[in-house]
$ cat target_32.tsv   # TSV, N, CA and C atoms and all ligand atoms
chain	number	residue	atom	x	y	z
A	1	MET	N	-14.76	-34.70	17.46
A	1	MET	CA	-13.85	-33.62	17.12
A	1	MET	C	-14.68	-32.39	16.70
A	2	ALA	N	-14.31	-31.24	17.22
A	2	ALA	CA	-15.05	-30.03	16.89
A	2	ALA	C	-14.78	-29.58	15.46
A	3	SER	N	-15.78	-29.02	14.82
A	3	SER	CA	-15.61	-28.51	13.46
A	3	SER	C	-14.87	-27.17	13.50
A	4	PRO	N	-14.09	-26.88	12.48
A	4	PRO	CA	-13.43	-25.56	12.45
A	4	PRO	C	-14.47	-24.46	12.31
A	5	PHE	N	-14.17	-23.32	12.92
A	5	PHE	CA	-15.07	-22.18	12.81
A	5	PHE	C	-14.93	-21.54	11.44
A	6	VAL	N	-15.99	-21.38	10.75
A	6	VAL	CA	-15.97	-20.72	9.44
A	6	VAL	C	-16.63	-19.36	9.59
A	7	ARG	N	-15.83	-18.31	9.36
A	7	ARG	CA	-16.37	-16.96	9.50
A	7	ARG	C	-17.33	-16.68	8.34
A	8	PRO	N	-18.56	-16.29	8.61
A	8	PRO	CA	-19.49	-16.00	7.51
A	8	PRO	C	-19.02	-14.81	6.69
A	9	TYR	N	-19.18	-14.92	5.39
A	9	TYR	CA	-18.76	-13.83	4.50
A	9	TYR	C	-19.75	-12.67	4.59
A	10	VAL	N	-19.23	-11.49	4.81
A	10	VAL	CA	-20.04	-10.28	4.81
A	10	VAL	C	-19.41	-9.33	3.80
A	11	ARG	N	-20.17	-8.95	2.79
A	11	ARG	CA	-19.61	-8.09	1.74
A	11	ARG	C	-19.23	-6.73	2.32
A	12	PRO	N	-17.94	-6.32	2.17
A	12	PRO	CA	-17.54	-5.00	2.69
A	12	PRO	C	-18.25	-3.88	1.95
A	13	ARG	N	-18.65	-2.86	2.67
A	13	ARG	CA	-19.32	-1.72	2.04
A	13	ARG	C	-18.44	-0.47	2.05
A	14	SER	N	-17.37	-0.48	2.85
A	14	SER	CA	-16.47	0.66	2.89
A	14	SER	C	-15.10	0.13	3.33
A	15	PRO	N	-14.03	0.93	3.16
A	15	PRO	CA	-12.69	0.47	3.58
A	15	PRO	C	-12.65	0.07	5.05
A	16	GLU	N	-13.49	0.68	5.89
A	16	GLU	CA	-13.48	0.35	7.32
A	16	GLU	C	-13.93	-1.08	7.58
A	17	ASP	N	-14.65	-1.67	6.62
A	17	ASP	CA	-15.13	-3.03	6.80
A	17	ASP	C	-14.06	-4.09	6.47
A	18	TYR	N	-12.96	-3.64	5.86
A	18	TYR	CA	-11.90	-4.59	5.51
A	18	TYR	C	-11.04	-4.89	6.74
A	19	PRO	N	-10.20	-5.91	6.67
A	19	PRO	CA	-9.29	-6.18	7.78
A	19	PRO	C	-8.44	-4.95	8.10
A	20	THR	N	-7.90	-4.91	9.28
A	20	THR	CA	-7.21	-3.70	9.72
A	20	THR	C	-5.88	-3.48	9.03
A	21	GLY	N	-5.40	-4.41	8.23
A	21	GLY	CA	-4.14	-4.18	7.55
A	21	GLY	C	-3.80	-5.32	6.63
A	22	PRO	N	-2.64	-5.23	5.99
A	22	PRO	CA	-2.20	-6.32	5.12
A	22	PRO	C	-1.97	-7.57	5.94
A	23	CYS	N	-1.76	-8.68	5.25
A	23	CYS	CA	-1.66	-9.96	5.97
A	23	CYS	C	-0.34	-10.10	6.71
A	24	PHE	N	0.59	-9.20	6.48
A	24	PHE	CA	1.86	-9.26	7.20
A	24	PHE	C	2.42	-7.86	7.31
A	25	THR	N	3.40	-7.70	8.15
A	25	THR	CA	4.05	-6.41	8.30
A	25	THR	C	5.26	-6.36	7.39
A	26	ALA	N	5.49	-5.23	6.72
A	26	ALA	CA	6.67	-5.11	5.87
A	26	ALA	C	7.90	-5.49	6.66
A	27	GLY	N	8.77	-6.25	6.05
A	27	GLY	CA	9.97	-6.68	6.74
A	27	GLY	C	9.91	-8.14	7.10
A	28	HIS	N	8.72	-8.75	6.99
A	28	HIS	CA	8.60	-10.16	7.32
A	28	HIS	C	8.78	-10.99	6.05
A	29	LEU	N	9.79	-11.80	5.99
A	29	LEU	CA	10.10	-12.67	4.85
A	29	LEU	C	10.42	-11.89	3.57
A	30	VAL	N	10.80	-10.65	3.70
A	30	VAL	CA	11.25	-9.89	2.54
A	30	VAL	C	12.54	-9.18	2.92
A	31	GLU	N	13.25	-8.73	1.92
A	31	GLU	CA	14.47	-7.98	2.17
A	31	GLU	C	14.26	-6.53	1.77
A	32	THR	N	15.05	-5.67	2.37
A	32	THR	CA	14.92	-4.25	2.01
A	32	THR	C	15.34	-4.06	0.56
A	33	ASN	N	14.81	-2.98	-0.02
A	33	ASN	CA	15.12	-2.67	-1.41
A	33	ASN	C	16.63	-2.54	-1.60
A	34	ALA	N	17.14	-3.26	-2.59
A	34	ALA	CA	18.58	-3.26	-2.83
A	34	ALA	C	18.93	-2.39	-4.02
A	35	SER	N	18.18	-1.32	-4.18
A	35	SER	CA	18.41	-0.29	-5.20
A	35	SER	C	18.14	-0.76	-6.62
A	36	TRP	N	17.39	-1.83	-6.79
A	36	TRP	CA	17.02	-2.27	-8.13
A	36	TRP	C	15.67	-1.71	-8.56
A	37	ARG	N	14.96	-1.02	-7.66
A	37	ARG	CA	13.67	-0.43	-8.02
A	37	ARG	C	13.87	0.62	-9.11
A	38	SER	N	13.08	0.58	-10.16
A	38	SER	CA	13.25	1.54	-11.26
A	38	SER	C	12.36	2.77	-11.08
A	39	GLU	N	11.23	2.60	-10.37
A	39	GLU	CA	10.33	3.72	-10.11
A	39	GLU	C	9.90	3.66	-8.66
A	40	ARG	N	9.57	4.80	-8.09
A	40	ARG	CA	9.06	4.80	-6.72
A	40	ARG	C	7.76	5.61	-6.67
A	41	PRO	N	6.84	5.23	-5.80
A	41	PRO	CA	5.60	5.99	-5.67
A	41	PRO	C	5.82	7.25	-4.84
A	42	VAL	N	5.31	8.35	-5.35
A	42	VAL	CA	5.39	9.61	-4.62
A	42	VAL	C	3.97	10.06	-4.30
A	43	LEU	N	3.74	10.31	-3.04
A	43	LEU	CA	2.40	10.59	-2.54
A	43	LEU	C	2.16	12.10	-2.42
A	44	SER	N	1.01	12.55	-2.91
A	44	SER	CA	0.60	13.94	-2.71
A	44	SER	C	-0.34	13.98	-1.51
A	45	VAL	N	0.13	14.55	-0.42
A	45	VAL	CA	-0.68	14.64	0.80
A	45	VAL	C	-1.93	15.49	0.54
A	46	GLU	N	-1.79	16.49	-0.34
A	46	GLU	CA	-2.93	17.36	-0.62
A	46	GLU	C	-4.06	16.60	-1.33
A	47	ARG	N	-3.70	15.67	-2.19
A	47	ARG	CA	-4.72	14.92	-2.95
A	47	ARG	C	-5.26	13.73	-2.18
A	48	CYS	N	-4.51	13.19	-1.26
A	48	CYS	CA	-4.90	11.97	-0.56
A	48	CYS	C	-6.18	12.18	0.25
A	49	THR	N	-7.15	11.29	0.06
A	49	THR	CA	-8.42	11.37	0.79
A	49	THR	C	-8.43	10.43	2.00
A	50	GLY	N	-7.38	9.63	2.15
A	50	GLY	CA	-7.34	8.69	3.26
A	50	GLY	C	-8.23	7.48	3.07
A	51	CYS	N	-8.53	7.13	1.82
A	51	CYS	CA	-9.46	6.01	1.56
A	51	CYS	C	-8.84	4.65	1.87
A	52	LEU	N	-7.53	4.57	1.91
A	52	LEU	CA	-6.78	3.35	2.26
A	52	LEU	C	-6.78	2.26	1.18
A	53	ARG	N	-7.19	2.59	-0.02
A	53	ARG	CA	-7.12	1.58	-1.10
A	53	ARG	C	-5.69	1.13	-1.32
A	54	CYS	N	-4.74	2.08	-1.32
A	54	CYS	CA	-3.33	1.73	-1.54
A	54	CYS	C	-2.82	0.86	-0.40
A	55	TYR	N	-3.21	1.16	0.79
A	55	TYR	CA	-2.81	0.42	1.98
A	55	TYR	C	-3.29	-1.03	1.91
A	56	LEU	N	-4.51	-1.21	1.41
A	56	LEU	CA	-5.06	-2.56	1.29
A	56	LEU	C	-4.46	-3.32	0.11
A	57	ALA	N	-4.06	-2.60	-0.94
A	57	ALA	CA	-3.64	-3.27	-2.16
A	57	ALA	C	-2.15	-3.57	-2.23
A	58	CYS	N	-1.33	-2.86	-1.48
A	58	CYS	CA	0.12	-3.05	-1.60
A	58	CYS	C	0.49	-4.48	-1.23
A	59	PRO	N	1.10	-5.23	-2.16
A	59	PRO	CA	1.43	-6.62	-1.87
A	59	PRO	C	2.61	-6.79	-0.93
A	60	ASP	N	3.33	-5.70	-0.67
A	60	ASP	CA	4.50	-5.80	0.20
A	60	ASP	C	4.28	-5.18	1.57
A	61	GLY	N	3.07	-4.74	1.85
A	61	GLY	CA	2.83	-4.12	3.16
A	61	GLY	C	3.68	-2.88	3.34
A	62	ALA	N	3.99	-2.19	2.25
A	62	ALA	CA	4.88	-1.04	2.32
A	62	ALA	C	4.14	0.28	2.42
A	63	VAL	N	2.81	0.23	2.40
A	63	VAL	CA	2.03	1.45	2.65
A	63	VAL	C	1.58	1.39	4.10
A	64	LEU	N	1.95	2.39	4.85
A	64	LEU	CA	1.66	2.41	6.28
A	64	LEU	C	0.63	3.47	6.58
A	65	ARG	N	-0.20	3.21	7.56
A	65	ARG	CA	-1.15	4.22	8.00
A	65	ARG	C	-0.40	5.28	8.80
A	66	ALA	N	-0.76	6.52	8.54
A	66	ALA	CA	-0.13	7.64	9.25
A	66	ALA	C	-1.22	8.62	9.62
A	67	GLY	N	-1.84	8.40	10.76
A	67	GLY	CA	-2.97	9.22	11.16
A	67	GLY	C	-4.12	8.98	10.20
A	68	ALA	N	-4.65	10.06	9.62
A	68	ALA	CA	-5.77	9.94	8.68
A	68	ALA	C	-5.29	9.68	7.26
A	69	ALA	N	-3.99	9.63	7.06
A	69	ALA	CA	-3.45	9.45	5.72
A	69	ALA	C	-2.54	8.22	5.70
A	70	VAL	N	-1.68	8.15	4.72
A	70	VAL	CA	-0.76	7.02	4.59
A	70	VAL	C	0.64	7.55	4.30
A	71	ARG	N	1.61	6.70	4.48
A	71	ARG	CA	2.97	7.02	4.03
A	71	ARG	C	3.58	5.73	3.49
A	72	ILE	N	4.63	5.88	2.72
A	72	ILE	CA	5.23	4.73	2.03
A	72	ILE	C	6.57	4.41	2.67
A	73	ASP	N	6.77	3.14	2.95
A	73	ASP	CA	8.04	2.68	3.50
A	73	ASP	C	8.95	2.33	2.33
A	74	TYR	N	9.84	3.25	1.97
A	74	TYR	CA	10.69	3.06	0.80
A	74	TYR	C	11.73	1.96	1.00
A	75	ASP	N	11.96	1.55	2.22
A	75	ASP	CA	12.90	0.45	2.44
A	75	ASP	C	12.35	-0.86	1.88
A	76	PHE	N	11.02	-0.98	1.87
A	76	PHE	CA	10.41	-2.25	1.45
A	76	PHE	C	9.58	-2.13	0.17
A	77	CYS	N	9.29	-0.92	-0.27
A	77	CYS	CA	8.54	-0.73	-1.51
A	77	CYS	C	9.35	-1.29	-2.68
A	78	LYS	N	8.67	-2.10	-3.53
A	78	LYS	CA	9.35	-2.71	-4.68
A	78	LYS	C	9.11	-1.93	-5.97
A	79	GLY	N	8.27	-0.88	-5.89
A	79	GLY	CA	8.05	-0.07	-7.08
A	79	GLY	C	7.12	-0.70	-8.10
A	80	CYS	N	6.23	-1.55	-7.66
A	80	CYS	CA	5.36	-2.26	-8.61
A	80	CYS	C	4.29	-1.34	-9.21
A	81	GLY	N	3.90	-0.28	-8.51
A	81	GLY	CA	2.93	0.67	-9.04
A	81	GLY	C	1.48	0.32	-8.76
A	82	ILE	N	1.23	-0.75	-8.04
A	82	ILE	CA	-0.16	-1.13	-7.76
A	82	ILE	C	-0.86	-0.03	-6.96
A	83	CYS	N	-0.18	0.55	-6.01
A	83	CYS	CA	-0.80	1.60	-5.19
A	83	CYS	C	-1.24	2.77	-6.06
A	84	ALA	N	-0.39	3.16	-7.01
A	84	ALA	CA	-0.73	4.28	-7.90
A	84	ALA	C	-1.91	3.90	-8.79
A	85	HIS	N	-1.95	2.66	-9.24
A	85	HIS	CA	-3.04	2.21	-10.09
A	85	HIS	C	-4.36	2.22	-9.32
A	86	GLU	N	-4.31	1.84	-8.05
A	86	GLU	CA	-5.54	1.72	-7.25
A	86	GLU	C	-6.02	3.04	-6.68
A	87	CYS	N	-5.17	4.05	-6.67
A	87	CYS	CA	-5.55	5.33	-6.07
A	87	CYS	C	-6.47	6.11	-7.01
A	88	LYS	N	-7.74	6.20	-6.65
A	88	LYS	CA	-8.71	6.89	-7.50
A	88	LYS	C	-8.57	8.40	-7.43
A	89	ALA	N	-7.91	8.88	-6.39
A	89	ALA	CA	-7.70	10.33	-6.26
A	89	ALA	C	-6.45	10.79	-7.01
A	90	GLN	N	-5.77	9.85	-7.65
A	90	GLN	CA	-4.52	10.14	-8.36
A	90	GLN	C	-3.54	10.88	-7.45
A	91	ALA	N	-3.46	10.41	-6.23
A	91	ALA	CA	-2.57	11.03	-5.25
A	91	ALA	C	-1.18	10.40	-5.26
A	92	ILE	N	-1.00	9.33	-6.03
A	92	ILE	CA	0.30	8.66	-6.09
A	92	ILE	C	0.79	8.66	-7.53
A	93	LEU	N	1.98	9.18	-7.72
A	93	LEU	CA	2.63	9.16	-9.03
A	93	LEU	C	3.85	8.27	-8.94
A	94	MET	N	4.10	7.49	-10.00
A	94	MET	CA	5.32	6.69	-10.06
A	94	MET	C	6.39	7.53	-10.74
A	95	ILE	N	7.47	7.77	-10.03
A	95	ILE	CA	8.55	8.64	-10.50
A	95	ILE	C	9.81	7.80	-10.74
A	96	PRO	N	10.47	7.96	-11.88
A	96	PRO	CA	11.72	7.22	-12.12
A	96	PRO	C	12.73	7.48	-11.01
A	97	GLU	N	13.44	6.45	-10.60
A	97	GLU	CA	14.39	6.59	-9.49
A	97	GLU	C	15.49	7.61	-9.79
A	98	GLU	N	15.82	7.77	-11.07
A	98	GLU	CA	16.92	8.70	-11.37
A	98	GLU	C	16.54	10.16	-11.12
A	99	ILE	N	15.23	10.43	-10.96
A	99	ILE	CA	14.80	11.78	-10.58
A	99	ILE	C	14.79	11.83	-9.06
A	100	LYS	N	15.75	12.50	-8.49
A	100	LYS	CA	15.99	12.40	-7.05
A	100	LYS	C	15.29	13.48	-6.22
A	101	ASP	N	14.90	14.60	-6.82
A	101	ASP	CA	14.42	15.70	-6.01
A	101	ASP	C	12.92	15.67	-5.75
A	102	VAL	N	12.25	14.55	-6.06
A	102	VAL	CA	10.82	14.41	-5.77
A	102	VAL	C	10.66	13.29	-4.77
A	103	ARG	N	10.01	13.58	-3.65
A	103	ARG	CA	9.79	12.49	-2.68
A	103	ARG	C	8.53	12.73	-1.90
A	201	LIG	S1	-5.43	5.24	-2.42
A	201	LIG	FE1	-4.83	7.38	-2.79
A	201	LIG	S2	-6.37	8.64	-1.74
A	201	LIG	FE2	-6.54	6.54	-0.94
A	201	LIG	S3	-5.23	6.55	0.90
A	201	LIG	FE3	-3.96	5.82	-0.83
A	201	LIG	S4	-2.93	7.70	-1.59
A	201	LIG	FE4	-4.67	8.36	-0.30
A	202	LIG	S1	4.80	0.61	-5.52
A	202	LIG	FE1	4.07	-1.47	-5.00
A	202	LIG	S2	5.37	-2.10	-3.28
A	202	LIG	FE2	5.57	0.12	-3.46
A	202	LIG	S3	4.06	0.97	-2.04
A	202	LIG	FE3	3.10	0.85	-4.09
A	202	LIG	S4	2.03	-1.13	-4.10
A	202	LIG	FE4	3.51	-1.18	-2.41

$ encode --input "target_32.tsv" --output "structure tokens"
Amino acid sequence: MASPFVRPYVRPRSPEDYPTGPCFTAGHLVETNASWRSERPVLSVERCTGCLRCYLACPDGAVLRAGAAVRIDYDFCKGCGICAHECKAQAILMIPEEIKDVR
């Protein structure tokens, strides 16, 4: 019987060395936000450097690549705030849902 292939570990040196995306696509085995989210992430395109830390860290696959930057899929975002925590450029702010005019 053949042995399973074990991929050798190579320490990533930049975001480009990481896998091309989260382990699943948003919408797989999850339900759309049912309006229970208390805060939502709001992205500043001007501040975003395109480093993709938020894209790699979002546990719900709700950060999508959009050209050289990212965008947030609010249908699947749970409002956990991990993306804002991981963004070193402070390009993501968590805004209370009751404040409607910021997006
Ligand atoms: S972590 Fe911040 S700077 Fe990096 S891609 Fe996400 S929003 Fe942009
Ligand atoms: S708040 Fe949480 S679920 Fe929403 S985009 Fe950020 S990391 Fe993903």

$ closest_atom_pairs --input "target_32.tsv" --of "chain A" --to "ligand LIG 202 (chain A)" --cutoff "6 Å" --atoms "only C-alpha atoms and all ligand atoms" --output "JSON lines"
{"residue": "A:Pro41", "atom": "CA", "partner": "A:LIG202", "partner_atom": "S1", "distance": 5.4}
{"residue": "A:Cys58", "atom": "CA", "partner": "A:LIG202", "partner_atom": "S4", "distance": 3.7}
{"residue": "A:Pro59", "atom": "CA", "partner": "A:LIG202", "partner_atom": "FE4", "distance": 5.8}
{"residue": "A:Asp60", "atom": "CA", "partner": "A:LIG202", "partner_atom": "S2", "distance": 5.2}
{"residue": "A:Ala62", "atom": "CA", "partner": "A:LIG202", "partner_atom": "S3", "distance": 4.9}
{"residue": "A:Val63", "atom": "CA", "partner": "A:LIG202", "partner_atom": "S3", "distance": 5.1}
{"residue": "A:Ile72", "atom": "CA", "partner": "A:LIG202", "partner_atom": "S3", "distance": 5.7}
{"residue": "A:Cys77", "atom": "CA", "partner": "A:LIG202", "partner_atom": "FE2", "distance": 3.7}
{"residue": "A:Lys78", "atom": "CA", "partner": "A:LIG202", "partner_atom": "S2", "distance": 4.3}
{"residue": "A:Gly79", "atom": "CA", "partner": "A:LIG202", "partner_atom": "S1", "distance": 3.7}
{"residue": "A:Cys80", "atom": "CA", "partner": "A:LIG202", "partner_atom": "FE1", "distance": 3.9}
{"residue": "A:Gly81", "atom": "CA", "partner": "A:LIG202", "partner_atom": "S1", "distance": 4.0}
{"residue": "A:Ile82", "atom": "CA", "partner": "A:LIG202", "partner_atom": "S4", "distance": 4.3}
{"residue": "A:Cys83", "atom": "CA", "partner": "A:LIG202", "partner_atom": "S4", "distance": 4.1}

$ axis_aligned_box --input "target_32.tsv" --around "ligand LIG 201 (chain A)" --padding-each-side "5 Å" --output "lines of an AutoDock Vina configuration file"
center_x = -4.7
center_y = 6.9
center_z = -0.9
size_x = 13.6
size_y = 13.4
size_z = 13.7

$ closest_atom_pairs --input "target_32.tsv" --of "chain A" --to "ligand LIG 201 (chain A)" --cutoff "6.5 Å" --atoms "all atoms listed in the file" --output "tab-separated table"
residue	atom	partner	partner_atom	distance
A:Leu43	CA	A:LIG201	S4	6.1
A:Ser44	N	A:LIG201	S4	6.4
A:Arg47	C	A:LIG201	S2	5.2
A:Cys48	CA	A:LIG201	FE4	3.6
A:Thr49	N	A:LIG201	S2	3.3
A:Gly50	C	A:LIG201	S3	3.8
A:Cys51	N	A:LIG201	FE2	3.5
A:Leu52	N	A:LIG201	S3	3.2
A:Arg53	N	A:LIG201	S1	4.0
A:Cys54	N	A:LIG201	S1	3.4
A:Tyr55	N	A:LIG201	FE3	5.0
A:Ala69	C	A:LIG201	S3	5.8
A:Val70	N	A:LIG201	S3	5.5
A:Cys83	C	A:LIG201	S1	6.1
A:Glu86	C	A:LIG201	S1	4.8
A:Cys87	CA	A:LIG201	S1	3.7
A:Lys88	N	A:LIG201	S1	4.9
A:Ala89	N	A:LIG201	S2	4.9
A:Gln90	N	A:LIG201	FE1	5.5
A:Ala91	N	A:LIG201	FE1	4.8
A:Ile92	N	A:LIG201	S4	5.1

$ atom_distance --input "target_32.tsv" --atom1 "CA of His85 (chain A)" --atom2 "CA of Ala57 (chain A)"
9.7 Å

$ closest_residue --input "target_32.tsv" --among "A:Asp73, A:Gly61, A:Glu46, A:Arg37" --to "Pro96 (chain A)" --atoms "all atoms listed in the file"
A:Arg37

$ select_by_dssp --input "target_32.tsv" --residues "region 27-65 of chain A" --states "strand (DSSP E)" --output "NGL selection string"
:A and (39-43 or 63-65)

$ select_by_dssp --input "target_32.tsv" --residues "region 12-103 of chain A" --states "alpha helix (DSSP H)" --output "ChimeraX atom specification"
/A:53-57,82-86

$ atom_distance --input "target_32.tsv" --atom1 "CA of Asp75 (chain A)" --atom2 "CA of Trp36 (chain A)"
11.7 Å

$ atom_distance --input "target_32.tsv" --atom1 "atom C of Ile99 (chain A)" --atom2 "CA of Tyr74 (chain A)"
13.8 Å

$ residues_around --input "target_32.tsv" --residues "Glu98 (chain A)" --least-positions-apart "2" --cutoff "8 Å" --atoms "only N, CA and C atoms" --output "NGL selection string"
:A and (37-40 or 95-96 or 100-102)

$ decode --input "target_32.tsv" --residues "region 69-86 of chain A" --atoms "N, CA, C and O atoms" --output "compact mmCIF listing (two decimals), in the first residue's frame"
# COMPACT_ATOMS: atom_id res chain seq x y z
N ALA A 69 -7.65 44.68 -3.74
CA ALA A 69 -8.14 44.95 -2.39
C ALA A 69 -9.11 43.84 -1.97
O ALA A 69 -9.06 42.73 -2.52
N VAL A 70 -9.93 44.12 -1.00
CA VAL A 70 -10.90 43.14 -0.51
C VAL A 70 -12.26 43.80 -0.37
O VAL A 70 -12.37 45.02 -0.35
N ARG A 71 -13.28 42.99 -0.25
CA ARG A 71 -14.60 43.50 0.10
C ARG A 71 -15.24 42.48 1.03
O ARG A 71 -14.81 41.33 1.11
N ILE A 72 -16.26 42.91 1.74
CA ILE A 72 -16.88 42.07 2.76
C ILE A 72 -18.26 41.64 2.29
O ILE A 72 -19.05 42.45 1.81
N ASP A 73 -18.52 40.35 2.42
CA ASP A 73 -19.83 39.81 2.07
C ASP A 73 -20.70 39.89 3.31
O ASP A 73 -20.63 39.04 4.21
N TYR A 74 -21.54 40.92 3.38
CA TYR A 74 -22.36 41.14 4.58
C TYR A 74 -23.45 40.10 4.75
O TYR A 74 -24.03 39.98 5.83
N ASP A 75 -23.75 39.34 3.72
CA ASP A 75 -24.74 38.27 3.88
C ASP A 75 -24.22 37.18 4.80
O ASP A 75 -24.99 36.51 5.48
N PHE A 76 -22.90 37.00 4.83
CA PHE A 76 -22.32 35.89 5.60
C PHE A 76 -21.45 36.36 6.77
O PHE A 76 -21.09 35.55 7.62
N CYS A 77 -21.09 37.63 6.80
CA CYS A 77 -20.29 38.16 7.91
C CYS A 77 -21.07 38.04 9.21
O CYS A 77 -22.24 38.42 9.28
N LYS A 78 -20.41 37.50 10.25
CA LYS A 78 -21.07 37.31 11.55
C LYS A 78 -20.74 38.43 12.52
O LYS A 78 -21.20 38.41 13.65
N GLY A 79 -19.87 39.37 12.10
CA GLY A 79 -19.56 40.49 12.98
C GLY A 79 -18.63 40.17 14.12
O GLY A 79 -18.64 40.85 15.15
N CYS A 80 -17.79 39.17 13.96
CA CYS A 80 -16.92 38.75 15.06
C CYS A 80 -15.79 39.75 15.31
O CYS A 80 -15.26 39.81 16.41
N GLY A 81 -15.38 40.52 14.31
CA GLY A 81 -14.36 41.54 14.50
C GLY A 81 -12.93 41.05 14.31
O GLY A 81 -11.99 41.82 14.50
N ILE A 82 -12.75 39.79 13.96
CA ILE A 82 -11.39 39.27 13.78
C ILE A 82 -10.67 40.04 12.66
O ILE A 82 -9.49 40.37 12.79
N CYS A 83 -11.37 40.33 11.59
CA CYS A 83 -10.73 41.03 10.47
C CYS A 83 -10.21 42.39 10.93
O CYS A 83 -9.09 42.78 10.59
N ALA A 84 -11.01 43.10 11.72
CA ALA A 84 -10.59 44.42 12.21
C ALA A 84 -9.39 44.28 13.15
O ALA A 84 -8.46 45.09 13.11
N HIS A 85 -9.39 43.24 13.97
CA HIS A 85 -8.29 43.02 14.88
C HIS A 85 -7.00 42.72 14.13
O HIS A 85 -5.92 43.16 14.51
N GLU A 86 -7.11 41.97 13.04
CA GLU A 86 -5.92 41.54 12.29
C GLU A 86 -5.40 42.60 11.33
O GLU A 86 -4.27 42.49 10.86
